[in-house]
$ cat target.pdb   # PDB, C-alpha atoms, pLDDT in the B column
ATOM      1  CA  MET A  14     -56.089 186.318 -33.908  1.00 88.00           C
ATOM      2  CA  TYR A  15     -54.952 183.048 -32.327  1.00 90.00           C
ATOM      3  CA  ASP A  16     -51.708 182.937 -34.339  1.00 90.00           C
ATOM      4  CA  THR A  17     -50.995 186.623 -33.706  1.00 89.00           C
ATOM      5  CA  VAL A  18     -51.383 186.268 -29.935  1.00 89.00           C
ATOM      6  CA  ARG A  19     -49.457 183.001 -29.821  1.00 91.00           C
ATOM      7  CA  GLN A  20     -46.551 184.353 -31.894  1.00 88.00           C
ATOM      8  CA  GLY A  21     -46.499 187.853 -30.415  1.00 87.00           C
ATOM      9  CA  ARG A  22     -46.626 189.442 -33.883  1.00 85.00           C
ATOM     10  CA  THR A  23     -49.156 189.792 -36.674  1.00 88.00           C
ATOM     11  CA  ALA A  24     -49.874 186.660 -38.676  1.00 88.00           C
ATOM     12  CA  PHE A  25     -50.718 188.700 -41.779  1.00 91.00           C
ATOM     13  CA  ASP A  26     -47.102 188.732 -42.997  1.00 88.00           C
ATOM     14  CA  ASP A  27     -46.860 184.931 -42.826  1.00 89.00           C
ATOM     15  CA  ILE A  28     -50.139 184.443 -44.665  1.00 91.00           C
ATOM     16  CA  PHE A  29     -49.516 186.943 -47.480  1.00 92.00           C
ATOM     17  CA  GLY A  30     -45.724 186.971 -47.580  1.00 92.00           C
ATOM     18  CA  ALA A  31     -45.406 190.691 -46.842  1.00 92.00           C
ATOM     19  CA  GLY A  32     -46.696 193.403 -44.550  1.00 89.00           C
ATOM     20  CA  PHE A  33     -50.132 194.857 -45.264  1.00 90.00           C
ATOM     21  CA  PHE A  34     -49.039 197.982 -47.153  1.00 86.00           C
ATOM     22  CA  ALA A  35     -46.257 196.161 -49.015  1.00 89.00           C
ATOM     23  CA  HIS A  36     -48.823 193.564 -50.040  1.00 93.00           C
ATOM     24  CA  LEU A  37     -51.159 196.273 -51.365  1.00 90.00           C
ATOM     25  CA  GLN A  38     -48.431 197.477 -53.716  1.00 88.00           C
ATOM     26  CA  THR A  39     -48.528 194.074 -55.439  1.00 92.00           C
ATOM     27  CA  VAL A  40     -52.311 194.056 -55.938  1.00 93.00           C
ATOM     28  CA  PRO A  41     -53.317 197.420 -57.450  1.00 90.00           C
ATOM     29  CA  GLU A  42     -57.015 196.587 -57.759  1.00 92.00           C
ATOM     30  CA  THR A  43     -57.204 195.637 -54.084  1.00 92.00           C
ATOM     31  CA  ALA A  44     -55.231 198.746 -53.148  1.00 88.00           C
ATOM     32  CA  SER A  45     -57.690 200.925 -55.034  1.00 87.00           C
ATOM     33  CA  VAL A  46     -60.614 199.340 -53.191  1.00 90.00           C
ATOM     34  CA  PHE A  47     -58.794 199.819 -49.878  1.00 85.00           C
ATOM     35  CA  ASN A  48     -58.082 203.492 -50.610  1.00 78.00           C
ATOM     36  CA  ALA A  49     -61.698 204.122 -51.561  1.00 80.00           C
ATOM     37  CA  GLY A  50     -62.917 202.236 -48.499  1.00 82.00           C
ATOM     38  CA  THR A  51     -60.757 204.132 -46.043  1.00 77.00           C
ATOM     39  CA  ALA A  52     -61.796 207.414 -47.638  1.00 74.00           C
ATOM     40  CA  GLY A  53     -65.440 206.459 -47.252  1.00 77.00           C
ATOM     41  CA  PHE A  54     -64.925 205.342 -43.660  1.00 75.00           C
ATOM     42  CA  SER A  55     -63.157 208.605 -42.882  1.00 77.00           C
ATOM     43  CA  ARG A  56     -66.221 210.596 -43.917  1.00 77.00           C
ATOM     44  CA  LEU A  57     -67.717 209.566 -40.578  1.00 81.00           C
ATOM     45  CA  TRP A  58     -65.373 211.940 -38.770  1.00 85.00           C
ATOM     46  CA  ASN A  59     -63.482 214.198 -41.197  1.00 92.00           C
ATOM     47  CA  GLU A  60     -65.860 217.128 -40.861  1.00 91.00           C
ATOM     48  CA  HIS A  61     -65.784 216.839 -37.075  1.00 93.00           C
ATOM     49  CA  VAL A  62     -61.983 216.859 -37.062  1.00 95.00           C
ATOM     50  CA  ALA A  63     -61.770 219.770 -39.531  1.00 95.00           C
ATOM     51  CA  THR A  64     -64.108 221.994 -37.514  1.00 95.00           C
ATOM     52  CA  SER A  65     -62.775 221.050 -34.067  1.00 96.00           C
ATOM     53  CA  TYR A  66     -59.371 222.680 -34.595  1.00 97.00           C
ATOM     54  CA  ASP A  67     -58.825 226.396 -35.189  1.00 95.00           C
ATOM     55  CA  PHE A  68     -56.263 226.704 -37.982  1.00 97.00           C
ATOM     56  CA  PRO A  69     -55.082 230.327 -38.192  1.00 96.00           C
ATOM     57  CA  ASP A  70     -55.402 232.253 -41.448  1.00 96.00           C
ATOM     58  CA  GLY A  71     -52.369 231.847 -43.664  1.00 96.00           C
ATOM     59  CA  ALA A  72     -51.322 228.518 -42.161  1.00 97.00           C
ATOM     60  CA  ARG A  73     -49.679 225.900 -44.343  1.00 98.00           C
ATOM     61  CA  VAL A  74     -50.839 222.363 -43.515  1.00 98.00           C
ATOM     62  CA  ILE A  75     -49.288 219.061 -44.596  1.00 98.00           C
ATOM     63  CA  ASP A  76     -51.360 215.896 -44.266  1.00 98.00           C
ATOM     64  CA  ILE A  77     -48.785 213.117 -43.911  1.00 97.00           C
ATOM     65  CA  GLY A  78     -49.979 209.758 -45.162  1.00 94.00           C
ATOM     66  CA  GLY A  79     -53.237 211.531 -45.954  1.00 92.00           C
ATOM     67  CA  GLY A  80     -54.511 208.952 -48.428  1.00 88.00           C
ATOM     68  CA  THR A  81     -56.724 210.405 -51.135  1.00 87.00           C
ATOM     69  CA  GLY A  82     -57.054 213.699 -49.280  1.00 91.00           C
ATOM     70  CA  SER A  83     -60.563 213.534 -47.844  1.00 90.00           C
ATOM     71  CA  LEU A  84     -59.533 215.062 -44.511  1.00 94.00           C
ATOM     72  CA  LEU A  85     -57.375 217.766 -46.096  1.00 96.00           C
ATOM     73  CA  ARG A  86     -60.262 218.661 -48.410  1.00 95.00           C
ATOM     74  CA  GLU A  87     -62.559 219.106 -45.405  1.00 95.00           C
ATOM     75  CA  ILE A  88     -59.950 221.222 -43.594  1.00 97.00           C
ATOM     76  CA  LEU A  89     -59.422 223.485 -46.600  1.00 97.00           C
ATOM     77  CA  THR A  90     -63.177 223.827 -47.060  1.00 96.00           C
ATOM     78  CA  ALA A  91     -63.753 224.718 -43.397  1.00 96.00           C
ATOM     79  CA  HIS A  92     -60.793 227.132 -43.302  1.00 97.00           C
ATOM     80  CA  PRO A  93     -60.779 229.109 -46.585  1.00 96.00           C
ATOM     81  CA  HIS A  94     -57.631 231.115 -45.808  1.00 96.00           C
ATOM     82  CA  ILE A  95     -55.113 228.287 -45.418  1.00 97.00           C
ATOM     83  CA  THR A  96     -53.204 226.093 -47.887  1.00 97.00           C
ATOM     84  CA  GLY A  97     -52.398 222.412 -47.760  1.00 97.00           C
ATOM     85  CA  THR A  98     -50.235 219.636 -49.166  1.00 97.00           C
ATOM     86  CA  LEU A  99     -51.232 215.982 -49.423  1.00 97.00           C
ATOM     87  CA  TYR A 100     -48.223 213.731 -48.838  1.00 97.00           C
ATOM     88  CA  ASP A 101     -48.435 210.002 -49.532  1.00 96.00           C
ATOM     89  CA  GLN A 102     -47.233 207.330 -51.923  1.00 92.00           C
ATOM     90  CA  GLN A 103     -47.616 208.131 -55.606  1.00 92.00           C
ATOM     91  CA  SER A 104     -50.135 205.365 -56.245  1.00 86.00           C
ATOM     92  CA  VAL A 105     -52.355 206.802 -53.499  1.00 87.00           C
ATOM     93  CA  ILE A 106     -52.218 210.481 -54.399  1.00 91.00           C
ATOM     94  CA  ASP A 107     -52.953 209.576 -58.014  1.00 89.00           C
ATOM     95  CA  GLU A 108     -56.510 209.011 -56.744  1.00 85.00           C
ATOM     96  CA  HIS A 109     -56.744 212.231 -54.707  1.00 91.00           C
ATOM     97  CA  GLN A 110     -60.070 213.989 -54.102  1.00 88.00           C
ATOM     98  CA  LEU A 111     -58.813 217.532 -53.533  1.00 93.00           C
ATOM     99  CA  ASP A 112     -59.937 219.244 -56.725  1.00 90.00           C
ATOM    100  CA  THR A 113     -63.170 220.998 -55.720  1.00 92.00           C
ATOM    101  CA  PRO A 114     -64.413 224.560 -56.298  1.00 93.00           C
ATOM    102  CA  ASP A 115     -63.952 225.373 -52.601  1.00 92.00           C
ATOM    103  CA  THR A 116     -60.268 224.378 -52.608  1.00 94.00           C
ATOM    104  CA  THR A 117     -59.106 225.659 -56.007  1.00 93.00           C
ATOM    105  CA  GLY A 118     -55.552 227.016 -55.924  1.00 94.00           C
ATOM    106  CA  ARG A 119     -54.935 226.104 -52.281  1.00 96.00           C
ATOM    107  CA  TRP A 120     -53.598 222.565 -52.472  1.00 96.00           C
ATOM    108  CA  THR A 121     -50.648 220.612 -53.820  1.00 95.00           C
ATOM    109  CA  VAL A 122     -49.708 216.938 -53.758  1.00 96.00           C
ATOM    110  CA  GLN A 123     -46.298 215.434 -53.122  1.00 96.00           C
ATOM    111  CA  ALA A 124     -45.227 211.805 -53.271  1.00 96.00           C
ATOM    112  CA  GLY A 125     -42.846 210.257 -50.797  1.00 96.00           C
ATOM    113  CA  ASP A 126     -42.193 207.821 -47.964  1.00 96.00           C
ATOM    114  CA  PHE A 127     -42.775 209.193 -44.473  1.00 97.00           C
ATOM    115  CA  PHE A 128     -40.263 206.729 -43.055  1.00 96.00           C
ATOM    116  CA  GLU A 129     -37.560 208.481 -45.065  1.00 95.00           C
ATOM    117  CA  HIS A 130     -38.596 212.116 -45.464  1.00 95.00           C
ATOM    118  CA  VAL A 131     -41.354 214.635 -44.783  1.00 96.00           C
ATOM    119  CA  PRO A 132     -41.608 218.048 -46.524  1.00 96.00           C
ATOM    120  CA  ALA A 133     -40.145 220.816 -44.386  1.00 96.00           C
ATOM    121  CA  GLY A 134     -41.412 224.209 -43.322  1.00 90.00           C
ATOM    122  CA  ALA A 135     -45.155 223.749 -42.719  1.00 96.00           C
ATOM    123  CA  ASP A 136     -47.024 225.286 -39.806  1.00 97.00           C
ATOM    124  CA  HIS A 137     -49.145 222.241 -39.055  1.00 98.00           C
ATOM    125  CA  TYR A 138     -48.358 218.582 -39.697  1.00 98.00           C
ATOM    126  CA  ILE A 139     -51.199 216.071 -39.513  1.00 98.00           C
ATOM    127  CA  LEU A 140     -50.886 212.356 -38.850  1.00 98.00           C
ATOM    128  CA  LYS A 141     -54.412 210.992 -39.066  1.00 95.00           C
ATOM    129  CA  SER A 142     -54.925 207.241 -38.699  1.00 92.00           C
ATOM    130  CA  VAL A 143     -51.198 206.748 -39.290  1.00 95.00           C
ATOM    131  CA  LEU A 144     -49.541 205.987 -35.958  1.00 95.00           C
ATOM    132  CA  HIS A 145     -52.146 203.365 -35.079  1.00 92.00           C
ATOM    133  CA  ASP A 146     -50.989 201.312 -38.082  1.00 89.00           C
ATOM    134  CA  TRP A 147     -47.499 200.843 -36.673  1.00 91.00           C
ATOM    135  CA  SER A 148     -45.548 199.465 -33.732  1.00 90.00           C
ATOM    136  CA  ASP A 149     -43.830 201.853 -31.332  1.00 94.00           C
ATOM    137  CA  SER A 150     -40.475 201.383 -33.067  1.00 94.00           C
ATOM    138  CA  ASP A 151     -41.943 202.180 -36.489  1.00 94.00           C
ATOM    139  CA  CYS A 152     -43.837 205.165 -35.050  1.00 96.00           C
ATOM    140  CA  LEU A 153     -40.539 206.562 -33.807  1.00 98.00           C
ATOM    141  CA  ARG A 154     -39.144 206.339 -37.343  1.00 97.00           C
ATOM    142  CA  ILE A 155     -42.126 208.338 -38.646  1.00 97.00           C
ATOM    143  CA  LEU A 156     -41.855 210.890 -35.837  1.00 98.00           C
ATOM    144  CA  LYS A 157     -38.130 211.277 -36.524  1.00 97.00           C
ATOM    145  CA  SER A 158     -38.917 212.305 -40.112  1.00 97.00           C
ATOM    146  CA  VAL A 159     -41.520 214.799 -38.894  1.00 98.00           C
ATOM    147  CA  ARG A 160     -39.217 216.172 -36.192  1.00 97.00           C
ATOM    148  CA  GLU A 161     -36.541 216.864 -38.784  1.00 97.00           C
ATOM    149  CA  ALA A 162     -39.068 218.728 -40.972  1.00 97.00           C
ATOM    150  CA  VAL A 163     -40.773 220.996 -38.439  1.00 97.00           C
ATOM    151  CA  HIS A 164     -39.700 224.525 -37.527  1.00 95.00           C
ATOM    152  CA  ASP A 165     -39.737 225.914 -33.983  1.00 94.00           C
ATOM    153  CA  ASN A 166     -43.339 227.139 -34.192  1.00 96.00           C
ATOM    154  CA  SER A 167     -44.795 224.153 -36.031  1.00 97.00           C
ATOM    155  CA  LYS A 168     -47.459 221.981 -34.480  1.00 98.00           C
ATOM    156  CA  LEU A 169     -48.038 218.273 -34.971  1.00 98.00           C
ATOM    157  CA  LEU A 170     -51.637 217.074 -34.840  1.00 98.00           C
ATOM    158  CA  VAL A 171     -52.044 213.350 -34.260  1.00 98.00           C
ATOM    159  CA  VAL A 172     -55.604 212.330 -35.095  1.00 97.00           C
ATOM    160  CA  ASP A 173     -56.494 208.929 -33.685  1.00 96.00           C
ATOM    161  CA  PRO A 174     -58.836 207.442 -31.104  1.00 95.00           C
ATOM    162  CA  VAL A 175     -57.584 207.784 -27.525  1.00 96.00           C
ATOM    163  CA  ILE A 176     -58.503 204.683 -25.539  1.00 95.00           C
ATOM    164  CA  PRO A 177     -60.421 205.713 -22.410  1.00 93.00           C
ATOM    165  CA  PRO A 178     -59.463 204.324 -18.992  1.00 90.00           C
ATOM    166  CA  GLY A 179     -61.272 201.345 -17.541  1.00 91.00           C
ATOM    167  CA  ASN A 180     -62.414 198.090 -19.076  1.00 90.00           C
ATOM    168  CA  GLN A 181     -65.767 199.099 -20.515  1.00 92.00           C
ATOM    169  CA  PRO A 182     -66.495 198.322 -24.190  1.00 91.00           C
ATOM    170  CA  HIS A 183     -65.376 201.047 -26.575  1.00 92.00           C
ATOM    171  CA  ALA A 184     -64.947 201.190 -30.364  1.00 91.00           C
ATOM    172  CA  SER A 185     -61.267 202.120 -29.978  1.00 93.00           C
ATOM    173  CA  LYS A 186     -60.620 198.784 -28.265  1.00 92.00           C
ATOM    174  CA  THR A 187     -62.193 196.851 -31.126  1.00 91.00           C
ATOM    175  CA  ILE A 188     -60.008 198.734 -33.605  1.00 89.00           C
ATOM    176  CA  ASP A 189     -57.015 198.072 -31.331  1.00 90.00           C
ATOM    177  CA  ALA A 190     -57.480 194.316 -31.760  1.00 89.00           C
ATOM    178  CA  MET A 191     -57.878 194.712 -35.530  1.00 87.00           C
ATOM    179  CA  MET A 192     -54.663 196.741 -35.775  1.00 86.00           C
ATOM    180  CA  MET A 193     -52.765 194.096 -33.817  1.00 87.00           C
ATOM    181  CA  VAL A 194     -53.789 191.348 -36.233  1.00 88.00           C
ATOM    182  CA  ILE A 195     -53.376 193.206 -39.540  1.00 87.00           C
ATOM    183  CA  HIS A 196     -50.692 195.860 -39.079  1.00 82.00           C
ATOM    184  CA  ASP A 197     -48.779 195.018 -35.899  1.00 79.00           C
ATOM    185  CA  GLY A 198     -50.121 198.407 -34.797  1.00 87.00           C
ATOM    186  CA  LYS A 199     -52.396 199.513 -31.977  1.00 92.00           C
ATOM    187  CA  GLU A 200     -54.611 202.227 -30.575  1.00 95.00           C
ATOM    188  CA  ARG A 201     -53.142 204.103 -27.620  1.00 96.00           C
ATOM    189  CA  THR A 202     -54.159 205.584 -24.299  1.00 96.00           C
ATOM    190  CA  GLN A 203     -53.297 209.165 -23.384  1.00 97.00           C
ATOM    191  CA  ALA A 204     -50.279 207.944 -21.414  1.00 97.00           C
ATOM    192  CA  GLU A 205     -49.082 205.842 -24.350  1.00 97.00           C
ATOM    193  CA  PHE A 206     -49.408 208.806 -26.722  1.00 97.00           C
ATOM    194  CA  GLU A 207     -47.476 211.042 -24.347  1.00 97.00           C
ATOM    195  CA  ASP A 208     -44.751 208.400 -24.036  1.00 97.00           C
ATOM    196  CA  ILE A 209     -44.243 207.736 -27.754  1.00 97.00           C
ATOM    197  CA  LEU A 210     -44.459 211.427 -28.710  1.00 98.00           C
ATOM    198  CA  THR A 211     -41.963 212.419 -26.015  1.00 98.00           C
ATOM    199  CA  LYS A 212     -39.553 209.785 -27.310  1.00 98.00           C
ATOM    200  CA  GLY A 213     -40.135 211.172 -30.805  1.00 97.00           C
ATOM    201  CA  GLY A 214     -39.076 214.679 -29.817  1.00 97.00           C
ATOM    202  CA  PHE A 215     -42.452 216.303 -29.172  1.00 98.00           C
ATOM    203  CA  THR A 216     -44.379 217.621 -26.181  1.00 98.00           C
ATOM    204  CA  VAL A 217     -48.133 217.064 -25.947  1.00 98.00           C
ATOM    205  CA  THR A 218     -49.838 220.400 -25.268  1.00 98.00           C
ATOM    206  CA  ARG A 219     -53.463 219.294 -25.219  1.00 97.00           C
ATOM    207  CA  ILE A 220     -55.878 216.607 -26.371  1.00 97.00           C
ATOM    208  CA  LEU A 221     -59.005 217.858 -28.119  1.00 97.00           C
ATOM    209  CA  PRO A 222     -61.958 215.481 -28.293  1.00 95.00           C
ATOM    210  CA  THR A 223     -64.200 215.753 -31.351  1.00 95.00           C
ATOM    211  CA  PRO A 224     -67.860 214.737 -31.747  1.00 92.00           C
ATOM    212  CA  SER A 225     -66.558 211.585 -33.457  1.00 91.00           C
ATOM    213  CA  LEU A 226     -64.419 208.653 -32.327  1.00 91.00           C
ATOM    214  CA  MET A 227     -61.301 210.663 -33.148  1.00 94.00           C
ATOM    215  CA  SER A 228     -59.360 212.983 -30.853  1.00 96.00           C
ATOM    216  CA  ILE A 229     -56.725 215.542 -31.845  1.00 98.00           C
ATOM    217  CA  VAL A 230     -53.468 215.193 -29.928  1.00 98.00           C
ATOM    218  CA  GLU A 231     -51.699 218.548 -30.348  1.00 98.00           C
ATOM    219  CA  CYS A 232     -47.914 218.592 -29.966  1.00 98.00           C
ATOM    220  CA  VAL A 233     -45.048 221.030 -30.305  1.00 98.00           C
ATOM    221  CA  PRO A 234     -41.349 220.315 -30.889  1.00 97.00           C
ATOM    222  CA  ALA A 235     -39.581 219.572 -27.609  1.00 95.00           C
TER
END
$ encode --input "target.pdb" --output "C-alpha cells"
Amino acid sequence: MYDTVRQGRTAFDDIFGAGFFAHLQTVPETASVFNAGTAGFSRLWNEHVATSYDFPDGARVIDIGGGTGSLLREILTAHPHITGTLYDQQSVIDEHQLDTPDTTGRWTVQAGDFFEHVPAGADHYILKSVLHDWSDSDCLRILKSVREAVHDNSKLLVVDPVIPPGNQPHASKTIDAMMMVIHDGKERTQAEFEDILTKGGFTVTRILPTPSLMSIVECVPA
C-alpha cells in the first residue's frame, strides 16, 4: 500500500514482474486457485444479480470476462427462455461451470481478449467485476470493443459495487483500496460510472441495486 501510494501506481508489477492477470498466465496452479476462489466469492451475489434484472424471453446474453460462468449459469437458470455465451480467455473457460440440467442446450463458450474483440450481435452484454480491475484508460479500451459489437437495441449491464456518497465505512471502499494495490483498478461512484461510460460511447439509463453489494448499471449505446 505504501509503495503504491508513494509511486502513484500499483506496486504489484514491480514485485512480480508483470501485471496481475499476466502473472497468472505464468503460474497455472495459482490461476486455477484464483478462478475457483473468485467463483466461490461470486456465489454471495450471483443469484441476487440474476433475479434483479428482467431479461426478456428470447434474449441472447454475452458475459464478457465471465470467468468460469457462475453468474451466467445463475442467469440462465433464473430465465429459462434465454441463451448465453461465456467469453473469456481459453484457460479460464476450460474450467467453466455451465453444464447443468437447467441450462442444457442454451449456452456456448468463446475464447478471446476483450481488449481486442467482443462477439457481436447480442441483446445484452454483461461486464461483472471487470471494470473495477482496470484504470480508466484500460476501461475505455474494453468499452470500445463492446461498443463496436453492440447493435442499436443492445444493452450493456455493468455489475459492480457503486460507492455511496459520504465518508462512512462501506465494503466497496475496502475493495477500492484492494483494487488500487493489486490491479491499478478501482471501485466507482455513480458519477464516475456515468463519466467513464459516456466516454466509452454509452448512456446510463438506470442503476438497479440488488440485495447484495453489487448494483446493475444499465446502459444503451449513445
$ resolve_selection --input "target.pdb" --expression "the PyMOL selection byres ((chain A and resi 134-149) around 8)" --output "PyMOL selection string"
chain A and resi 72-79+132-133+150-153+159+162-164+166-173+192+196-201+209
$ closest_residue --input "target.pdb" --among "A:Tyr15, A:Phe215, A:Phe128, A:Phe47" --to "A:Cys232" --atoms "all atoms listed in the file"
A:Phe215
$ residues_around --input "target.pdb" --residues "A:Ile28" --least-positions-apart "3" --cutoff "12 Å" --atoms "all atoms listed in the file" --output "list of chain:residue names"
A:Asp16, A:Thr17, A:Thr23, A:Ala24, A:Phe25, A:Ala31, A:Gly32, A:Phe33, A:His36, A:Val194, A:Ile195
$ write_last_selection --input "target.pdb" --atoms "C-alpha atoms" --output "PDB file, keeping the file's coordinate frame"
ATOM      1  CA  ASP A  16     -51.708 182.937 -34.339  1.00 90.00           C
ATOM      2  CA  THR A  17     -50.995 186.623 -33.706  1.00 89.00           C
ATOM      3  CA  THR A  23     -49.156 189.792 -36.674  1.00 88.00           C
ATOM      4  CA  ALA A  24     -49.874 186.660 -38.676  1.00 88.00           C
ATOM      5  CA  PHE A  25     -50.718 188.700 -41.779  1.00 91.00           C
ATOM      6  CA  ALA A  31     -45.406 190.691 -46.842  1.00 92.00           C
ATOM      7  CA  GLY A  32     -46.696 193.403 -44.550  1.00 89.00           C
ATOM      8  CA  PHE A  33     -50.132 194.857 -45.264  1.00 90.00           C
ATOM      9  CA  HIS A  36     -48.823 193.564 -50.040  1.00 93.00           C
ATOM     10  CA  VAL A 194     -53.789 191.348 -36.233  1.00 88.00           C
ATOM     11  CA  ILE A 195     -53.376 193.206 -39.540  1.00 87.00           C
TER      12      ILE A 195
END
$ atom_distance --input "target.pdb" --atom1 "atom CA of A:Gln103" --atom2 "atom CA of A:Leu210"
27.3 Å
$ closest_residue --input "target.pdb" --among "A:Glu205, A:Thr51, A:Gly97, A:Ile220" --to "A:Gly118" --atoms "only C-alpha atoms"
A:Gly97
$ atom_distance --input "target.pdb" --atom1 "atom CA of A:Arg86" --atom2 "atom CA of A:Val62"
11.6 Å
$ atom_distance --input "target.pdb" --atom1 "atom CA of A:Gly50" --atom2 "atom CA of A:Ser83"
11.6 Å
$ build_atoms --input "target.pdb" --residues "stretch 39-58 of chain A" --atoms "N, CA, C and O atoms" --output "PDB file, in the coordinates of the input"
ATOM      1  N   THR A  39     -48.581 195.164 -54.454  1.00 92.00           N
ATOM      2  CA  THR A  39     -48.528 194.074 -55.439  1.00 92.00           C
ATOM      3  C   THR A  39     -49.896 193.746 -56.018  1.00 92.00           C
ATOM      4  O   THR A  39     -49.994 192.946 -56.952  1.00 92.00           O
ATOM      5  N   VAL A  40     -50.948 194.334 -55.465  1.00 93.00           N
ATOM      6  CA  VAL A  40     -52.311 194.056 -55.938  1.00 93.00           C
ATOM      7  C   VAL A  40     -53.042 195.386 -56.124  1.00 93.00           C
ATOM      8  O   VAL A  40     -53.835 195.802 -55.287  1.00 93.00           O
ATOM      9  N   PRO A  41     -52.778 196.069 -57.245  1.00 90.00           N
ATOM     10  CA  PRO A  41     -53.317 197.420 -57.450  1.00 90.00           C
ATOM     11  C   PRO A  41     -54.837 197.515 -57.342  1.00 90.00           C
ATOM     12  O   PRO A  41     -55.358 198.500 -56.818  1.00 90.00           O
ATOM     13  N   GLU A  42     -55.559 196.516 -57.832  1.00 92.00           N
ATOM     14  CA  GLU A  42     -57.015 196.587 -57.759  1.00 92.00           C
ATOM     15  C   GLU A  42     -57.492 196.545 -56.309  1.00 92.00           C
ATOM     16  O   GLU A  42     -58.404 197.273 -55.911  1.00 92.00           O
ATOM     17  N   THR A  43     -56.868 195.699 -55.507  1.00 92.00           N
ATOM     18  CA  THR A  43     -57.204 195.637 -54.084  1.00 92.00           C
ATOM     19  C   THR A  43     -56.825 196.938 -53.390  1.00 92.00           C
ATOM     20  O   THR A  43     -57.565 197.440 -52.535  1.00 92.00           O
ATOM     21  N   ALA A  44     -55.670 197.489 -53.752  1.00 88.00           N
ATOM     22  CA  ALA A  44     -55.231 198.746 -53.148  1.00 88.00           C
ATOM     23  C   ALA A  44     -56.216 199.867 -53.457  1.00 88.00           C
ATOM     24  O   ALA A  44     -56.518 200.702 -52.586  1.00 88.00           O
ATOM     25  N   SER A  45     -56.727 199.899 -54.660  1.00 87.00           N
ATOM     26  CA  SER A  45     -57.690 200.925 -55.034  1.00 87.00           C
ATOM     27  C   SER A  45     -58.967 200.799 -54.217  1.00 87.00           C
ATOM     28  O   SER A  45     -59.536 201.797 -53.752  1.00 87.00           O
ATOM     29  N   VAL A  46     -59.426 199.570 -54.015  1.00 90.00           N
ATOM     30  CA  VAL A  46     -60.614 199.340 -53.191  1.00 90.00           C
ATOM     31  C   VAL A  46     -60.339 199.772 -51.746  1.00 90.00           C
ATOM     32  O   VAL A  46     -61.182 200.401 -51.102  1.00 90.00           O
ATOM     33  N   PHE A  47     -59.157 199.436 -51.240  1.00 85.00           N
ATOM     34  CA  PHE A  47     -58.794 199.819 -49.878  1.00 85.00           C
ATOM     35  C   PHE A  47     -58.773 201.337 -49.725  1.00 85.00           C
ATOM     36  O   PHE A  47     -59.311 201.887 -48.754  1.00 85.00           O
ATOM     37  N   ASN A  48     -58.157 202.031 -50.683  1.00 78.00           N
ATOM     38  CA  ASN A  48     -58.082 203.492 -50.610  1.00 78.00           C
ATOM     39  C   ASN A  48     -59.478 204.114 -50.620  1.00 78.00           C
ATOM     40  O   ASN A  48     -59.769 205.045 -49.866  1.00 78.00           O
ATOM     41  N   ALA A  49     -60.333 203.602 -51.495  1.00 80.00           N
ATOM     42  CA  ALA A  49     -61.698 204.122 -51.561  1.00 80.00           C
ATOM     43  C   ALA A  49     -62.466 203.811 -50.275  1.00 80.00           C
ATOM     44  O   ALA A  49     -63.247 204.637 -49.777  1.00 80.00           O
ATOM     45  N   GLY A  50     -62.231 202.623 -49.727  1.00 82.00           N
ATOM     46  CA  GLY A  50     -62.917 202.236 -48.499  1.00 82.00           C
ATOM     47  C   GLY A  50     -62.508 203.076 -47.303  1.00 82.00           C
ATOM     48  O   GLY A  50     -63.358 203.516 -46.517  1.00 82.00           O
ATOM     49  N   THR A  51     -61.209 203.317 -47.171  1.00 77.00           N
ATOM     50  CA  THR A  51     -60.757 204.132 -46.043  1.00 77.00           C
ATOM     51  C   THR A  51     -61.237 205.571 -46.189  1.00 77.00           C
ATOM     52  O   THR A  51     -61.578 206.223 -45.196  1.00 77.00           O
ATOM     53  N   ALA A  52     -61.280 206.063 -47.419  1.00 74.00           N
ATOM     54  CA  ALA A  52     -61.796 207.414 -47.638  1.00 74.00           C
ATOM     55  C   ALA A  52     -63.267 207.499 -47.249  1.00 74.00           C
ATOM     56  O   ALA A  52     -63.713 208.461 -46.615  1.00 74.00           O
ATOM     57  N   GLY A  53     -64.031 206.483 -47.615  1.00 77.00           N
ATOM     58  CA  GLY A  53     -65.440 206.459 -47.252  1.00 77.00           C
ATOM     59  C   GLY A  53     -65.635 206.343 -45.752  1.00 77.00           C
ATOM     60  O   GLY A  53     -66.479 207.031 -45.160  1.00 77.00           O
ATOM     61  N   PHE A  54     -64.844 205.505 -45.120  1.00 75.00           N
ATOM     62  CA  PHE A  54     -64.925 205.342 -43.660  1.00 75.00           C
ATOM     63  C   PHE A  54     -64.581 206.644 -42.962  1.00 75.00           C
ATOM     64  O   PHE A  54     -65.209 207.029 -41.967  1.00 75.00           O
ATOM     65  N   SER A  55     -63.599 207.357 -43.505  1.00 77.00           N
ATOM     66  CA  SER A  55     -63.157 208.605 -42.882  1.00 77.00           C
ATOM     67  C   SER A  55     -64.225 209.691 -42.915  1.00 77.00           C
ATOM     68  O   SER A  55     -64.184 210.627 -42.114  1.00 77.00           O
ATOM     69  N   ARG A  56     -65.167 209.581 -43.850  1.00 77.00           N
ATOM     70  CA  ARG A  56     -66.221 210.596 -43.917  1.00 77.00           C
ATOM     71  C   ARG A  56     -67.058 210.645 -42.638  1.00 77.00           C
ATOM     72  O   ARG A  56     -67.742 211.630 -42.377  1.00 77.00           O
ATOM     73  N   LEU A  57     -66.976 209.590 -41.838  1.00 81.00           N
ATOM     74  CA  LEU A  57     -67.717 209.566 -40.578  1.00 81.00           C
ATOM     75  C   LEU A  57     -67.207 210.616 -39.604  1.00 81.00           C
ATOM     76  O   LEU A  57     -67.936 211.043 -38.713  1.00 81.00           O
ATOM     77  N   TRP A  58     -65.929 211.006 -39.756  1.00 85.00           N
ATOM     78  CA  TRP A  58     -65.373 211.940 -38.770  1.00 85.00           C
ATOM     79  C   TRP A  58     -64.576 213.095 -39.341  1.00 85.00           C
ATOM     80  O   TRP A  58     -64.175 213.998 -38.629  1.00 85.00           O
TER      81      TRP A  58
END
